[in-house]
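Source file model21.txt; content: compact mmCIF, C-alpha atoms.
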```txt
# COMPACT_ATOMS: atom_id res chain seq x y z
CA MET A 263 0.00 0.00 0.00
CA PRO A 264 1.47 3.41 -0.92
CA TRP A 265 2.12 5.79 1.98
CA TRP A 266 -0.74 8.11 1.12
CA ASP A 267 -3.40 5.38 1.45
CA ASP A 268 -2.61 4.83 5.13
CA ASP A 269 -3.89 7.53 7.49
CA ASP A 270 -1.05 7.14 10.01
CA ARG A 271 1.70 7.19 7.39
CA LEU A 272 0.10 10.16 5.67
CA LEU A 273 0.16 12.07 8.97
CA ASP A 274 3.80 11.01 9.50
CA GLU A 275 4.70 12.52 6.14
CA PHE A 276 2.93 15.69 7.21
CA ARG A 277 5.00 15.88 10.34
CA LYS A 278 8.17 15.68 8.24
CA ALA A 279 6.90 18.13 5.62
CA LEU A 280 5.98 20.78 8.17
CA GLN A 281 9.32 20.37 9.92
CA THR A 282 11.21 20.85 6.63
CA SER A 283 9.34 24.03 5.78
CA GLU A 284 9.97 25.44 9.21
CA SER A 285 13.69 24.88 8.91
CA VAL A 286 14.11 27.41 6.05
CA PRO A 287 14.51 30.82 7.72
CA PRO A 288 11.89 33.35 6.55
CA LEU A 289 14.52 35.76 5.19
CA VAL A 290 16.08 32.98 3.10
CA ALA A 291 12.67 32.04 1.67
CA ALA A 292 11.88 35.70 1.00
CA GLN A 293 15.18 36.20 -0.86
CA ALA A 294 14.49 33.12 -2.96
CA ARG A 295 11.04 34.45 -3.92
CA GLY A 296 12.51 37.91 -4.57
CA ALA A 297 15.07 36.50 -7.00
CA PHE A 298 12.36 36.49 -9.66
CA THR A 299 12.40 40.31 -9.84
CA TRP A 300 15.94 39.98 -11.27
CA ARG A 301 14.70 38.03 -14.25
CA THR A 302 16.06 39.51 -17.46
CA VAL A 303 14.49 38.87 -20.82
CA ASP A 304 16.33 39.21 -24.15
CA GLU A 305 19.70 39.68 -22.46
CA GLU A 306 22.78 37.73 -23.43
CA LEU A 307 23.93 35.95 -20.28
CA ALA A 308 27.73 35.94 -19.99
CA THR A 309 28.79 32.95 -17.93
CA LEU A 310 31.78 32.82 -15.61
CA SER A 311 34.41 30.71 -17.36
CA HIS A 312 37.30 31.42 -15.00
CA ASP A 313 37.72 32.74 -11.47
CA SER A 314 41.24 32.83 -10.01
CA ARG A 315 39.74 32.28 -6.57
CA HIS A 316 38.64 28.80 -7.58
CA ASP A 317 42.15 27.62 -8.38
CA GLU A 318 44.00 29.28 -5.55
CA LEU A 319 44.19 26.04 -3.62
CA GLU A 320 46.93 23.51 -4.15
CA PRO A 321 45.83 19.87 -4.22
CA THR A 322 46.84 19.64 -0.56
CA GLY A 323 44.28 22.30 0.22
CA VAL A 324 46.96 24.71 1.38
CA ARG A 325 46.56 28.10 -0.17
CA SER A 326 49.14 28.99 -2.79
CA ALA A 327 50.84 32.37 -2.91
CA GLU A 328 48.46 35.30 -2.61
CA VAL A 329 47.01 36.07 -6.02
CA GLU A 330 46.39 39.75 -6.51
CA PRO A 331 44.20 40.96 -8.07
CA ARG A 332 41.47 38.33 -8.31
CA THR A 333 40.71 37.78 -11.98
CA LEU A 334 37.43 36.67 -13.53
CA THR A 335 36.48 35.94 -17.11
CA PHE A 336 32.92 35.96 -18.47
CA GLU A 337 32.07 34.73 -21.95
CA VAL A 338 29.13 34.81 -24.32
CA ASP A 339 28.87 34.41 -28.10
CA GLY A 340 32.44 35.40 -28.93
CA SER A 341 32.50 38.33 -26.51
CA LEU A 342 34.76 38.29 -23.51
CA LEU A 343 34.65 40.32 -20.31
CA GLU A 344 37.78 40.23 -18.17
CA LEU A 345 37.79 41.63 -14.65
CA GLY A 346 40.57 42.30 -12.19
CA VAL A 347 39.25 42.93 -8.69
CA SER A 348 41.45 44.55 -6.04
CA ALA A 349 40.92 46.87 -3.10
CA GLY A 350 41.23 49.77 -5.56
CA GLY A 351 38.25 48.80 -7.67
CA VAL A 352 37.03 46.55 -10.45
CA LEU A 353 39.14 47.07 -13.57
CA GLY A 354 37.57 45.51 -16.63
CA GLN A 355 37.91 45.10 -20.36
CA VAL A 356 35.52 43.92 -23.02
CA VAL A 357 36.84 42.03 -26.06
CA PRO A 358 36.27 42.91 -28.87
CA PRO A 359 36.63 46.49 -27.55
CA ALA A 360 33.84 49.04 -27.87
CA PRO A 361 32.98 52.29 -26.08
CA GLY A 362 29.87 52.28 -23.90
CA THR A 363 28.78 52.02 -20.28
CA VAL A 364 29.00 49.39 -17.58
CA GLU A 365 26.59 49.16 -14.70
CA LEU A 366 27.08 47.09 -11.56
CA ARG A 367 23.97 46.00 -9.65
CA SER A 368 23.39 44.06 -6.47
CA PRO A 369 20.14 42.41 -5.28
CA ASP A 370 19.78 45.00 -2.50
CA GLY A 371 19.45 47.75 -5.12
CA HIS A 372 23.00 49.09 -4.99
CA THR A 373 24.22 50.32 -8.38
CA ALA A 374 27.41 51.86 -9.74
CA THR A 375 28.19 52.91 -13.29
CA ALA A 376 31.37 53.55 -15.25
CA ALA A 377 32.18 54.65 -18.78
CA MET A 378 33.90 52.19 -21.09
CA ASP A 379 36.55 53.77 -23.35
CA ASP A 380 37.49 52.98 -26.97
CA ALA A 381 39.72 50.15 -25.77
CA GLY A 382 36.75 48.61 -23.96
CA THR A 383 38.27 49.26 -20.54
CA PHE A 384 36.55 50.64 -17.46
CA LEU A 385 37.11 51.11 -13.73
CA LEU A 386 34.33 50.64 -11.20
CA ARG A 387 34.93 51.91 -7.68
CA PRO A 388 34.53 51.70 -4.77
CA VAL A 389 34.14 47.91 -4.72
CA PRO A 390 30.94 46.76 -3.01
CA THR A 391 30.74 43.37 -1.28
CA GLY A 392 28.22 40.62 -1.77
CA LEU A 393 26.46 39.37 -4.86
CA VAL A 394 26.75 41.56 -7.96
CA ARG A 395 26.31 41.38 -11.70
CA LEU A 396 27.45 43.67 -14.50
CA HIS A 397 25.43 45.00 -17.41
CA VAL A 398 27.54 46.07 -20.39
CA ARG A 399 26.03 48.39 -22.99
CA ALA A 400 27.82 49.31 -26.22
CA ASP A 401 26.77 49.95 -29.82
CA HIS A 402 26.64 46.34 -30.92
CA LEU A 403 26.82 44.67 -27.56
CA ARG A 404 24.44 44.17 -24.66
CA LEU A 405 25.56 41.58 -22.19
CA THR A 406 24.74 40.73 -18.59
CA THR A 407 27.04 38.63 -16.44
CA GLU A 408 25.78 35.91 -14.20
CA TRP A 409 25.82 36.73 -10.48
CA PHE A 410 29.14 36.53 -8.67
CA ARG A 411 30.27 37.36 -5.18
CA LEU A 412 32.72 40.05 -4.13
CA THR A 413 34.23 39.68 -0.65
CA PRO A 414 35.76 42.37 1.56
CA ASP A 415 39.37 41.30 0.86
CA ARG A 416 38.68 41.78 -2.88
CA MET B 253 12.88 8.85 -15.22
CA THR B 254 10.29 9.21 -17.94
CA SER B 255 9.86 12.22 -20.17
CA HIS B 256 6.37 13.04 -18.92
CA TRP B 257 5.66 16.58 -17.78
CA GLY B 258 5.07 16.76 -14.07
CA VAL B 259 4.01 19.70 -11.94
CA THR B 260 7.58 21.01 -11.63
CA GLU B 261 8.10 21.18 -15.39
CA LEU B 262 4.80 23.03 -15.82
CA LEU B 263 5.79 25.49 -13.10
CA VAL B 264 9.19 26.05 -14.73
CA ALA B 265 7.51 26.71 -18.09
CA ALA B 266 5.05 29.15 -16.50
CA ALA B 267 7.79 30.98 -14.58
CA THR B 268 9.88 31.23 -17.77
CA ALA B 269 6.90 32.93 -19.38
CA GLY B 270 6.86 35.48 -16.53
CA ASP B 271 4.36 33.94 -14.09
CA ALA B 272 5.54 35.11 -10.63
CA ALA B 273 3.05 32.87 -8.79
CA ALA B 274 4.56 29.82 -10.52
CA TRP B 275 8.01 30.96 -9.41
CA GLU B 276 6.84 31.26 -5.79
CA GLU B 277 5.43 27.78 -5.91
CA LEU B 278 8.75 26.47 -7.23
CA VAL B 279 10.52 28.21 -4.34
CA ASP B 280 8.03 26.76 -1.84
CA ARG B 281 8.69 23.32 -3.25
CA TYR B 282 12.47 23.44 -3.36
CA ALA B 283 13.74 26.06 -0.87
CA GLY B 284 13.92 23.27 1.72
CA LEU B 285 15.99 21.11 -0.64
CA VAL B 286 18.54 23.88 -1.26
CA TRP B 287 18.66 24.67 2.45
CA SER B 288 19.15 21.03 3.43
CA VAL B 289 22.12 20.69 1.05
CA CYS B 290 23.70 23.79 2.69
CA ARG B 291 23.10 22.20 6.07
CA ARG B 292 24.88 19.06 4.95
CA TYR B 293 28.00 21.11 4.22
CA ARG B 294 27.72 22.58 7.72
CA LEU B 295 27.87 26.17 6.53
CA THR B 296 27.16 28.94 9.02
CA ASP B 297 23.65 30.41 8.81
CA ALA B 298 25.03 33.53 7.11
CA ASP B 299 27.00 31.53 4.50
CA ALA B 300 24.05 29.20 3.89
CA ALA B 301 21.78 32.22 3.33
CA ASP B 302 24.31 33.64 0.84
CA VAL B 303 24.54 30.34 -1.02
CA SER B 304 20.75 29.98 -1.15
CA GLN B 305 20.36 33.46 -2.59
CA THR B 306 23.07 32.81 -5.18
CA VAL B 307 21.45 29.54 -6.23
CA TRP B 308 17.99 31.07 -6.68
CA LEU B 309 19.37 34.05 -8.62
CA ARG B 310 21.21 31.62 -10.92
CA THR B 311 18.03 29.61 -11.30
CA VAL B 312 16.17 32.69 -12.52
CA GLU B 313 18.92 33.31 -15.08
CA ARG B 314 18.66 29.80 -16.42
CA LEU B 315 14.96 29.06 -16.19
CA ASP B 316 14.56 28.73 -19.95
CA ARG B 317 17.27 26.06 -20.03
CA LEU B 318 15.73 24.06 -17.19
CA ARG B 319 12.51 23.15 -18.97
CA GLU B 320 13.57 19.62 -19.65
CA ALA B 321 11.58 17.17 -17.53
CA GLY B 322 13.22 16.54 -14.20
CA ALA B 323 16.09 18.97 -14.82
CA LEU B 324 15.43 21.46 -12.03
CA PRO B 325 15.86 19.44 -8.79
CA GLY B 326 19.14 17.85 -9.86
CA TRP B 327 20.43 21.18 -11.10
CA LEU B 328 19.53 22.82 -7.80
CA VAL B 329 21.43 20.18 -5.84
CA THR B 330 24.51 20.35 -8.08
CA THR B 331 24.60 24.15 -8.07
CA THR B 332 24.05 24.35 -4.32
CA SER B 333 26.85 21.83 -3.69
CA ARG B 334 29.26 23.79 -5.87
CA GLU B 335 28.40 27.10 -4.21
CA CYS B 336 28.78 25.50 -0.77
CA LEU B 337 32.30 24.36 -1.68
CA HIS B 338 33.18 27.86 -2.88
CA ALA B 339 31.81 29.31 0.36
CA LEU B 340 33.86 26.85 2.43
CA ARG B 341 37.00 27.72 0.46
CA THR B 342 36.45 31.42 0.95
CA ALA B 343 35.73 30.98 4.63
CA ARG B 344 38.62 28.71 5.48
CA ARG B 345 41.33 29.25 2.94
CA THR B 346 44.11 27.75 4.99
CA VAL B 347 42.24 24.68 6.13
CA ASP B 348 42.94 21.33 4.51
CA LEU B 349 39.77 21.10 2.49
CA ASP B 350 40.43 17.81 0.76
CA GLU B 351 39.33 15.76 3.72
CA ASN B 352 36.27 17.93 4.33
CA VAL B 353 35.26 17.79 0.72
CA ARG B 354 35.43 14.01 0.64
CA ALA B 355 33.55 13.69 3.89
CA LEU B 356 30.84 16.07 2.78
CA ASP B 357 30.44 14.72 -0.72
CA VAL B 358 26.73 14.49 -1.32
CA ASP B 359 26.01 11.12 -2.86
CA ALA B 360 23.43 10.45 -5.53
CA VAL B 361 21.13 8.43 -3.29
CA ASP B 362 20.93 11.32 -0.81
CA VAL B 363 20.12 13.69 -3.64
CA ALA B 364 17.31 11.53 -5.03
CA ALA B 365 15.84 11.08 -1.56
CA GLY B 366 16.09 14.80 -0.89
CA VAL B 367 14.32 15.63 -4.15
CA LEU B 368 11.50 13.17 -3.45
CA ALA B 369 11.07 14.48 0.09
CA ALA B 370 10.96 18.08 -1.14
CA GLU B 371 8.32 17.27 -3.77
CA ARG B 372 6.26 15.30 -1.26
CA ALA B 373 6.45 18.06 1.37
CA ALA B 374 5.43 20.68 -1.18
CA ALA B 375 2.42 18.65 -2.35
CA LEU B 376 1.31 18.04 1.23
CA ARG B 377 1.59 21.71 2.17
CA ALA B 378 -0.31 22.74 -0.96
CA GLY B 379 -3.00 20.12 -0.27
CA LEU B 380 -3.33 21.25 3.35
CA ALA B 381 -3.79 24.87 2.28
CA ASN B 382 -6.84 23.83 0.22
CA LEU B 383 -8.64 22.03 3.06
CA PRO B 384 -11.45 23.60 5.13
CA PRO B 385 -10.12 25.52 8.19
CA GLN B 386 -11.34 22.84 10.63
CA CYS B 387 -9.32 20.17 8.81
CA GLN B 388 -6.24 22.40 8.64
CA GLN B 389 -6.37 23.00 12.39
CA LEU B 390 -6.96 19.36 13.22
CA ILE B 391 -4.08 18.11 11.07
CA ALA B 392 -1.72 20.81 12.38
CA LEU B 393 -2.63 19.74 15.93
CA LEU B 394 -2.25 16.02 15.24
CA VAL B 395 1.26 16.37 13.80
CA THR B 396 2.70 18.39 16.69
CA ASP B 397 5.56 16.71 18.51
CA PRO B 398 4.88 15.00 20.89
CA PRO B 399 1.43 14.01 19.56
CA PRO B 400 -1.41 15.39 21.71
CA SER B 401 -3.95 13.10 23.39
CA TYR B 402 -7.47 13.00 21.96
CA THR B 403 -8.62 14.75 25.17
CA ASP B 404 -6.23 17.66 24.38
CA VAL B 405 -7.42 17.76 20.79
CA SER B 406 -11.04 17.69 21.96
CA SER B 407 -10.62 20.71 24.22
CA ARG B 408 -8.48 22.68 21.71
CA MET B 409 -10.90 22.05 18.85
CA GLY B 410 -14.13 22.19 20.85
CA MET B 411 -15.01 18.79 19.40
CA PRO B 412 -16.28 15.65 21.18
CA VAL B 413 -13.58 12.98 21.54
CA GLY B 414 -15.75 10.56 19.59
CA SER B 415 -15.76 12.81 16.50
CA ILE B 416 -11.98 13.19 16.25
CA GLY B 417 -11.32 9.83 14.59
CA PRO B 418 -14.08 10.18 11.94
CA THR B 419 -13.14 13.85 11.29
CA ARG B 420 -9.49 12.91 10.90
CA ALA B 421 -10.40 10.19 8.38
CA ARG B 422 -12.69 12.59 6.47
CA CYS B 423 -10.01 15.34 6.33
CA LEU B 424 -7.32 12.95 5.11
CA GLU B 425 -9.67 11.64 2.44
CA LYS B 426 -10.28 15.21 1.26
CA LEU B 427 -6.54 15.72 1.22
CA ARG B 428 -6.03 12.69 -1.06
CA ARG B 429 -8.52 14.18 -3.50
CA SER B 430 -6.83 17.61 -3.52
CA PRO B 431 -5.22 18.53 -6.87
CA ALA B 432 -1.73 18.74 -5.35
CA LEU B 433 -1.80 15.23 -3.93
CA ALA B 434 -3.58 13.78 -6.94
CA ALA B 435 -0.76 15.18 -9.11
CA LEU B 436 1.87 13.66 -6.83
CA MET B 437 0.20 10.25 -6.94
CA ALA B 438 -0.05 10.45 -10.74
CA ASP B 439 3.65 11.40 -10.89
CA HIS B 440 4.56 8.34 -8.87
CA ALA B 441 2.29 6.06 -10.86
CA SER B 442 3.93 7.11 -14.13
CA ARG B 443 7.51 6.63 -12.90
```
Go ahead and express the file in the form of structure tokens.
Amino acid sequence: MPWWDDDDRLLDEFRKALQTSESVPPLVAAQARGAFTWRTVDEELATLSHDSRHDELEPTGVRSAEVEPRTLTFEVDGSLLELGVSAGGVLGQVVPPAPGTVELRSPDGHTATAAMDDAGTFLLRPVPTGLVRLHVRADHLRLTTEWFRLTPDR
Amino acid sequence: MTSHWGVTELLVAAATAGDAAAWEELVDRYAGLVWSVCRRYRLTDADAADVSQTVWLRTVERLDRLREAGALPGWLVTTTSRECLHALRTARRTVDLDENVRALDVDAVDVAAGVLAAERAAALRAGLANLPPQCQQLIALLVTDPPPSYTDVSSRMGMPVGSIGPTRARCLEKLRRSPALAALMADHASR
């Protein structure tokens, strides 16, 4: 007999189900629901193809020499966005280069913008912490990076 | 796994088309799954909250690619595990992670069980929400831990002890006929 046909087992499943739902803190559930407001339509999503932070560890797990700045690479459809993040700011370059603007956004509503020069380079500062994404706007290019996390050390 | 379209796939398709209510139902179904994976990696509450937010933001970005039947739960578990490892690395850069990573490796059986439990819990909660208030109260009372005596239930509900058993049976029968549970049973039958 399946569990749902037996009254006692059905109630047991309820006990478990209600416990599970209670274990997710309300703020965490609210943030998950709120993620939908960040849905973008018709945007090219540039995915993170390299993050120096992810290969800082030697196989032994001991951290290798301090890598400064942290470098990240995002890619989409033949366009490349390279970032170098240090305490001084987020230095970036778009390849192929094009002048335009770059906007940084975080889920809490924080934004910062920077101009992108003819070489496709820009500097965003000061560096916020937490989850962020970049929106790049140029003549023939509109790309949005996936979310990534900036930490206080860089 | 068959290629039939279950409730989750329909919700993903609706959310992709911009239906916010469908998104909220997806979150209600799977927030517990994401959270339980974070718990398994023993992240702090703050790190687990960060990972959960990252995972759900990534899910929004990729909704249109997650329409394939059954794709979402497995993707959530894989993405959560990866983000948990990144969080652990950031938090304890000098710690020997190899041992931790092996010990905390989430195996496939755990994942499948977690997905089933999350789907079941979501269907039960949705079914409960559709029951008459008296049934909702009675079931909520009956599943408290430790279980109350029928005398307790009688005084809390203002219901004769002799009616509790029949009311319980009637409420559970209504629950089985609720759309959420009917869908879950159909899902299981077709697997």
Contact table chain B vs chain A, cut-off 9 Å, shortest pair per residue, only C-alpha atoms, as JSON lines:
```
{"residue": "B:Ala267", "atom": "CA", "partner": "A:Phe298", "partner_atom": "CA", "distance": 8.7}
{"residue": "B:Gly270", "atom": "CA", "partner": "A:Arg301", "partner_atom": "CA", "distance": 8.6}
{"residue": "B:Ala272", "atom": "CA", "partner": "A:Phe298", "partner_atom": "CA", "distance": 7.0}
{"residue": "B:Trp275", "atom": "CA", "partner": "A:Phe298", "partner_atom": "CA", "distance": 7.0}
{"residue": "B:Glu276", "atom": "CA", "partner": "A:Arg295", "partner_atom": "CA", "distance": 5.6}
{"residue": "B:Glu277", "atom": "CA", "partner": "A:Arg295", "partner_atom": "CA", "distance": 8.9}
{"residue": "B:Leu278", "atom": "CA", "partner": "A:Arg295", "partner_atom": "CA", "distance": 8.9}
{"residue": "B:Val279", "atom": "CA", "partner": "A:Arg295", "partner_atom": "CA", "distance": 6.3}
{"residue": "B:Asp280", "atom": "CA", "partner": "A:Ala291", "partner_atom": "CA", "distance": 7.9}
{"residue": "B:Ala283", "atom": "CA", "partner": "A:Ala291", "partner_atom": "CA", "distance": 6.6}
{"residue": "B:Gly284", "atom": "CA", "partner": "A:Val286", "partner_atom": "CA", "distance": 6.0}
{"residue": "B:Leu285", "atom": "CA", "partner": "A:Thr282", "partner_atom": "CA", "distance": 8.7}
{"residue": "B:Trp287", "atom": "CA", "partner": "A:Val286", "partner_atom": "CA", "distance": 6.4}
{"residue": "B:Ser288", "atom": "CA", "partner": "A:Val286", "partner_atom": "CA", "distance": 8.5}
{"residue": "B:Ala300", "atom": "CA", "partner": "A:Val290", "partner_atom": "CA", "distance": 8.9}
{"residue": "B:Ala301", "atom": "CA", "partner": "A:Val290", "partner_atom": "CA", "distance": 5.8}
{"residue": "B:Asp302", "atom": "CA", "partner": "A:Leu393", "partner_atom": "CA", "distance": 8.4}
{"residue": "B:Ser304", "atom": "CA", "partner": "A:Val290", "partner_atom": "CA", "distance": 7.0}
{"residue": "B:Gln305", "atom": "CA", "partner": "A:Ala294", "partner_atom": "CA", "distance": 5.9}
{"residue": "B:Thr306", "atom": "CA", "partner": "A:Trp409", "partner_atom": "CA", "distance": 7.1}
{"residue": "B:Val307", "atom": "CA", "partner": "A:Ala294", "partner_atom": "CA", "distance": 8.5}
{"residue": "B:Trp308", "atom": "CA", "partner": "A:Ala294", "partner_atom": "CA", "distance": 5.5}
{"residue": "B:Leu309", "atom": "CA", "partner": "A:Ala297", "partner_atom": "CA", "distance": 5.2}
{"residue": "B:Arg310", "atom": "CA", "partner": "A:Trp409", "partner_atom": "CA", "distance": 6.9}
{"residue": "B:Thr311", "atom": "CA", "partner": "A:Ala297", "partner_atom": "CA", "distance": 8.6}
{"residue": "B:Val312", "atom": "CA", "partner": "A:Arg301", "partner_atom": "CA", "distance": 5.8}
{"residue": "B:Glu313", "atom": "CA", "partner": "A:Arg301", "partner_atom": "CA", "distance": 6.4}
{"residue": "B:Arg314", "atom": "CA", "partner": "A:Leu307", "partner_atom": "CA", "distance": 9.0}
{"residue": "B:His338", "atom": "CA", "partner": "A:His316", "partner_atom": "CA", "distance": 7.3}
{"residue": "B:Arg341", "atom": "CA", "partner": "A:His316", "partner_atom": "CA", "distance": 8.3}
{"residue": "B:Thr342", "atom": "CA", "partner": "A:Arg315", "partner_atom": "CA", "distance": 8.3}
{"residue": "B:Arg345", "atom": "CA", "partner": "A:Arg325", "partner_atom": "CA", "distance": 6.2}
{"residue": "B:Thr346", "atom": "CA", "partner": "A:Val324", "partner_atom": "CA", "distance": 5.5}
{"residue": "B:Val347", "atom": "CA", "partner": "A:Gly323", "partner_atom": "CA", "distance": 6.7}
{"residue": "B:Asp348", "atom": "CA", "partner": "A:Gly323", "partner_atom": "CA", "distance": 4.6}
{"residue": "B:Leu349", "atom": "CA", "partner": "A:Gly323", "partner_atom": "CA", "distance": 5.2}
{"residue": "B:Asp350", "atom": "CA", "partner": "A:Gly323", "partner_atom": "CA", "distance": 5.9}
{"residue": "B:Glu351", "atom": "CA", "partner": "A:Gly323", "partner_atom": "CA", "distance": 8.9}
{"residue": "B:Ala369", "atom": "CA", "partner": "A:Ala279", "partner_atom": "CA", "distance": 7.8}
{"residue": "B:Ala370", "atom": "CA", "partner": "A:Ala279", "partner_atom": "CA", "distance": 7.9}
{"residue": "B:Arg372", "atom": "CA", "partner": "A:Ala279", "partner_atom": "CA", "distance": 7.5}
{"residue": "B:Ala373", "atom": "CA", "partner": "A:Ala279", "partner_atom": "CA", "distance": 4.3}
{"residue": "B:Ala374", "atom": "CA", "partner": "A:Ala279", "partner_atom": "CA", "distance": 7.4}
{"residue": "B:Leu376", "atom": "CA", "partner": "A:Phe276", "partner_atom": "CA", "distance": 6.6}
{"residue": "B:Arg377", "atom": "CA", "partner": "A:Ala279", "partner_atom": "CA", "distance": 7.3}
{"residue": "B:Ile391", "atom": "CA", "partner": "A:Leu273", "partner_atom": "CA", "distance": 7.7}
{"residue": "B:Ala392", "atom": "CA", "partner": "A:Arg277", "partner_atom": "CA", "distance": 8.6}
{"residue": "B:Leu394", "atom": "CA", "partner": "A:Leu273", "partner_atom": "CA", "distance": 7.8}
{"residue": "B:Val395", "atom": "CA", "partner": "A:Arg277", "partner_atom": "CA", "distance": 5.1}
{"residue": "B:Thr396", "atom": "CA", "partner": "A:Arg277", "partner_atom": "CA", "distance": 7.2}
{"residue": "B:Asp397", "atom": "CA", "partner": "A:Arg277", "partner_atom": "CA", "distance": 8.2}
{"residue": "B:Arg420", "atom": "CA", "partner": "A:Asp269", "partner_atom": "CA", "distance": 8.5}
{"residue": "B:Ala421", "atom": "CA", "partner": "A:Asp269", "partner_atom": "CA", "distance": 7.1}
{"residue": "B:Leu424", "atom": "CA", "partner": "A:Asp269", "partner_atom": "CA", "distance": 6.8}
{"residue": "B:Glu425", "atom": "CA", "partner": "A:Asp269", "partner_atom": "CA", "distance": 8.7}
{"residue": "B:Arg428", "atom": "CA", "partner": "A:Trp266", "partner_atom": "CA", "distance": 7.3}
{"residue": "B:Leu433", "atom": "CA", "partner": "A:Trp266", "partner_atom": "CA", "distance": 8.8}
{"residue": "B:Met437", "atom": "CA", "partner": "A:Trp266", "partner_atom": "CA", "distance": 8.4}
```
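Atom pair CA of Met378 in chain A / CA of Leu345 in chain A has a distance of 13.0 Å (rounded to one decimal).
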Checklist entry - So, counting all atoms listed in the file, which residue among B:Pro399, B:Pro325, B:Gly414, B:Gly379 is closest to Pro431 in chain B? => result B:Gly379
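Computed from the coordinates, the CA of Arg319 in chain B to CA of Ala269 in chain B distance equals 11.3 Å.
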Checklist outcome for this item: note - CA of Leu334 in chain A and CA of Asp380 in chain A are separated by 21.1 Å
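With all atoms listed in the file as the atoms that count, the minimum distance from Tyr293 in chain B to the choices B:Leu262, B:Ala378, B:Leu340, B:Ala432 is reached by B:Leu340.
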N, CA, C and O atoms of range 401-413 of chain A, written as a tab-separated table (two decimals), in the first residue's frame:
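Result file is selection17.tsv:
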```
chain	number	residue	atom	x	y	z
A	401	ASP	N	27.53	49.88	-28.57
A	401	ASP	CA	26.77	49.95	-29.82
A	401	ASP	C	26.21	48.61	-30.28
A	401	ASP	O	25.03	48.49	-30.55
A	402	HIS	N	27.09	47.62	-30.38
A	402	HIS	CA	26.64	46.34	-30.92
A	402	HIS	C	26.68	45.25	-29.86
A	402	HIS	O	26.78	44.07	-30.20
A	403	LEU	N	26.66	45.67	-28.61
A	403	LEU	CA	26.82	44.67	-27.56
A	403	LEU	C	25.96	45.01	-26.34
A	403	LEU	O	25.97	46.13	-25.85
A	404	ARG	N	25.16	44.05	-25.92
A	404	ARG	CA	24.44	44.17	-24.66
A	404	ARG	C	24.62	42.84	-23.95
A	404	ARG	O	24.09	41.83	-24.40
A	405	LEU	N	25.41	42.85	-22.90
A	405	LEU	CA	25.56	41.58	-22.19
A	405	LEU	C	25.40	41.79	-20.69
A	405	LEU	O	25.66	42.87	-20.15
A	406	THR	N	24.92	40.73	-20.04
A	406	THR	CA	24.74	40.73	-18.59
A	406	THR	C	25.51	39.54	-18.05
A	406	THR	O	25.39	38.44	-18.58
A	407	THR	N	26.30	39.77	-17.02
A	407	THR	CA	27.04	38.63	-16.44
A	407	THR	C	26.12	37.87	-15.49
A	407	THR	O	25.13	38.41	-15.01
A	408	GLU	N	26.49	36.61	-15.26
A	408	GLU	CA	25.78	35.91	-14.20
A	408	GLU	C	26.23	36.50	-12.86
A	408	GLU	O	27.18	37.26	-12.79
A	409	TRP	N	25.50	36.18	-11.80
A	409	TRP	CA	25.82	36.73	-10.48
A	409	TRP	C	27.13	36.17	-9.97
A	409	TRP	O	27.43	34.99	-10.15
A	410	PHE	N	27.92	37.01	-9.33
A	410	PHE	CA	29.14	36.53	-8.67
A	410	PHE	C	29.32	37.32	-7.38
A	410	PHE	O	28.70	38.35	-7.19
A	411	ARG	N	30.16	36.78	-6.51
A	411	ARG	CA	30.27	37.36	-5.18
A	411	ARG	C	31.59	38.08	-4.98
A	411	ARG	O	32.66	37.54	-5.29
A	412	LEU	N	31.52	39.30	-4.49
A	412	LEU	CA	32.72	40.05	-4.13
A	412	LEU	C	32.84	40.03	-2.61
A	412	LEU	O	31.86	40.24	-1.90
A	413	THR	N	34.03	39.75	-2.11
A	413	THR	CA	34.23	39.68	-0.65
A	413	THR	C	35.08	40.86	-0.21
A	413	THR	O	35.75	41.49	-1.03
```
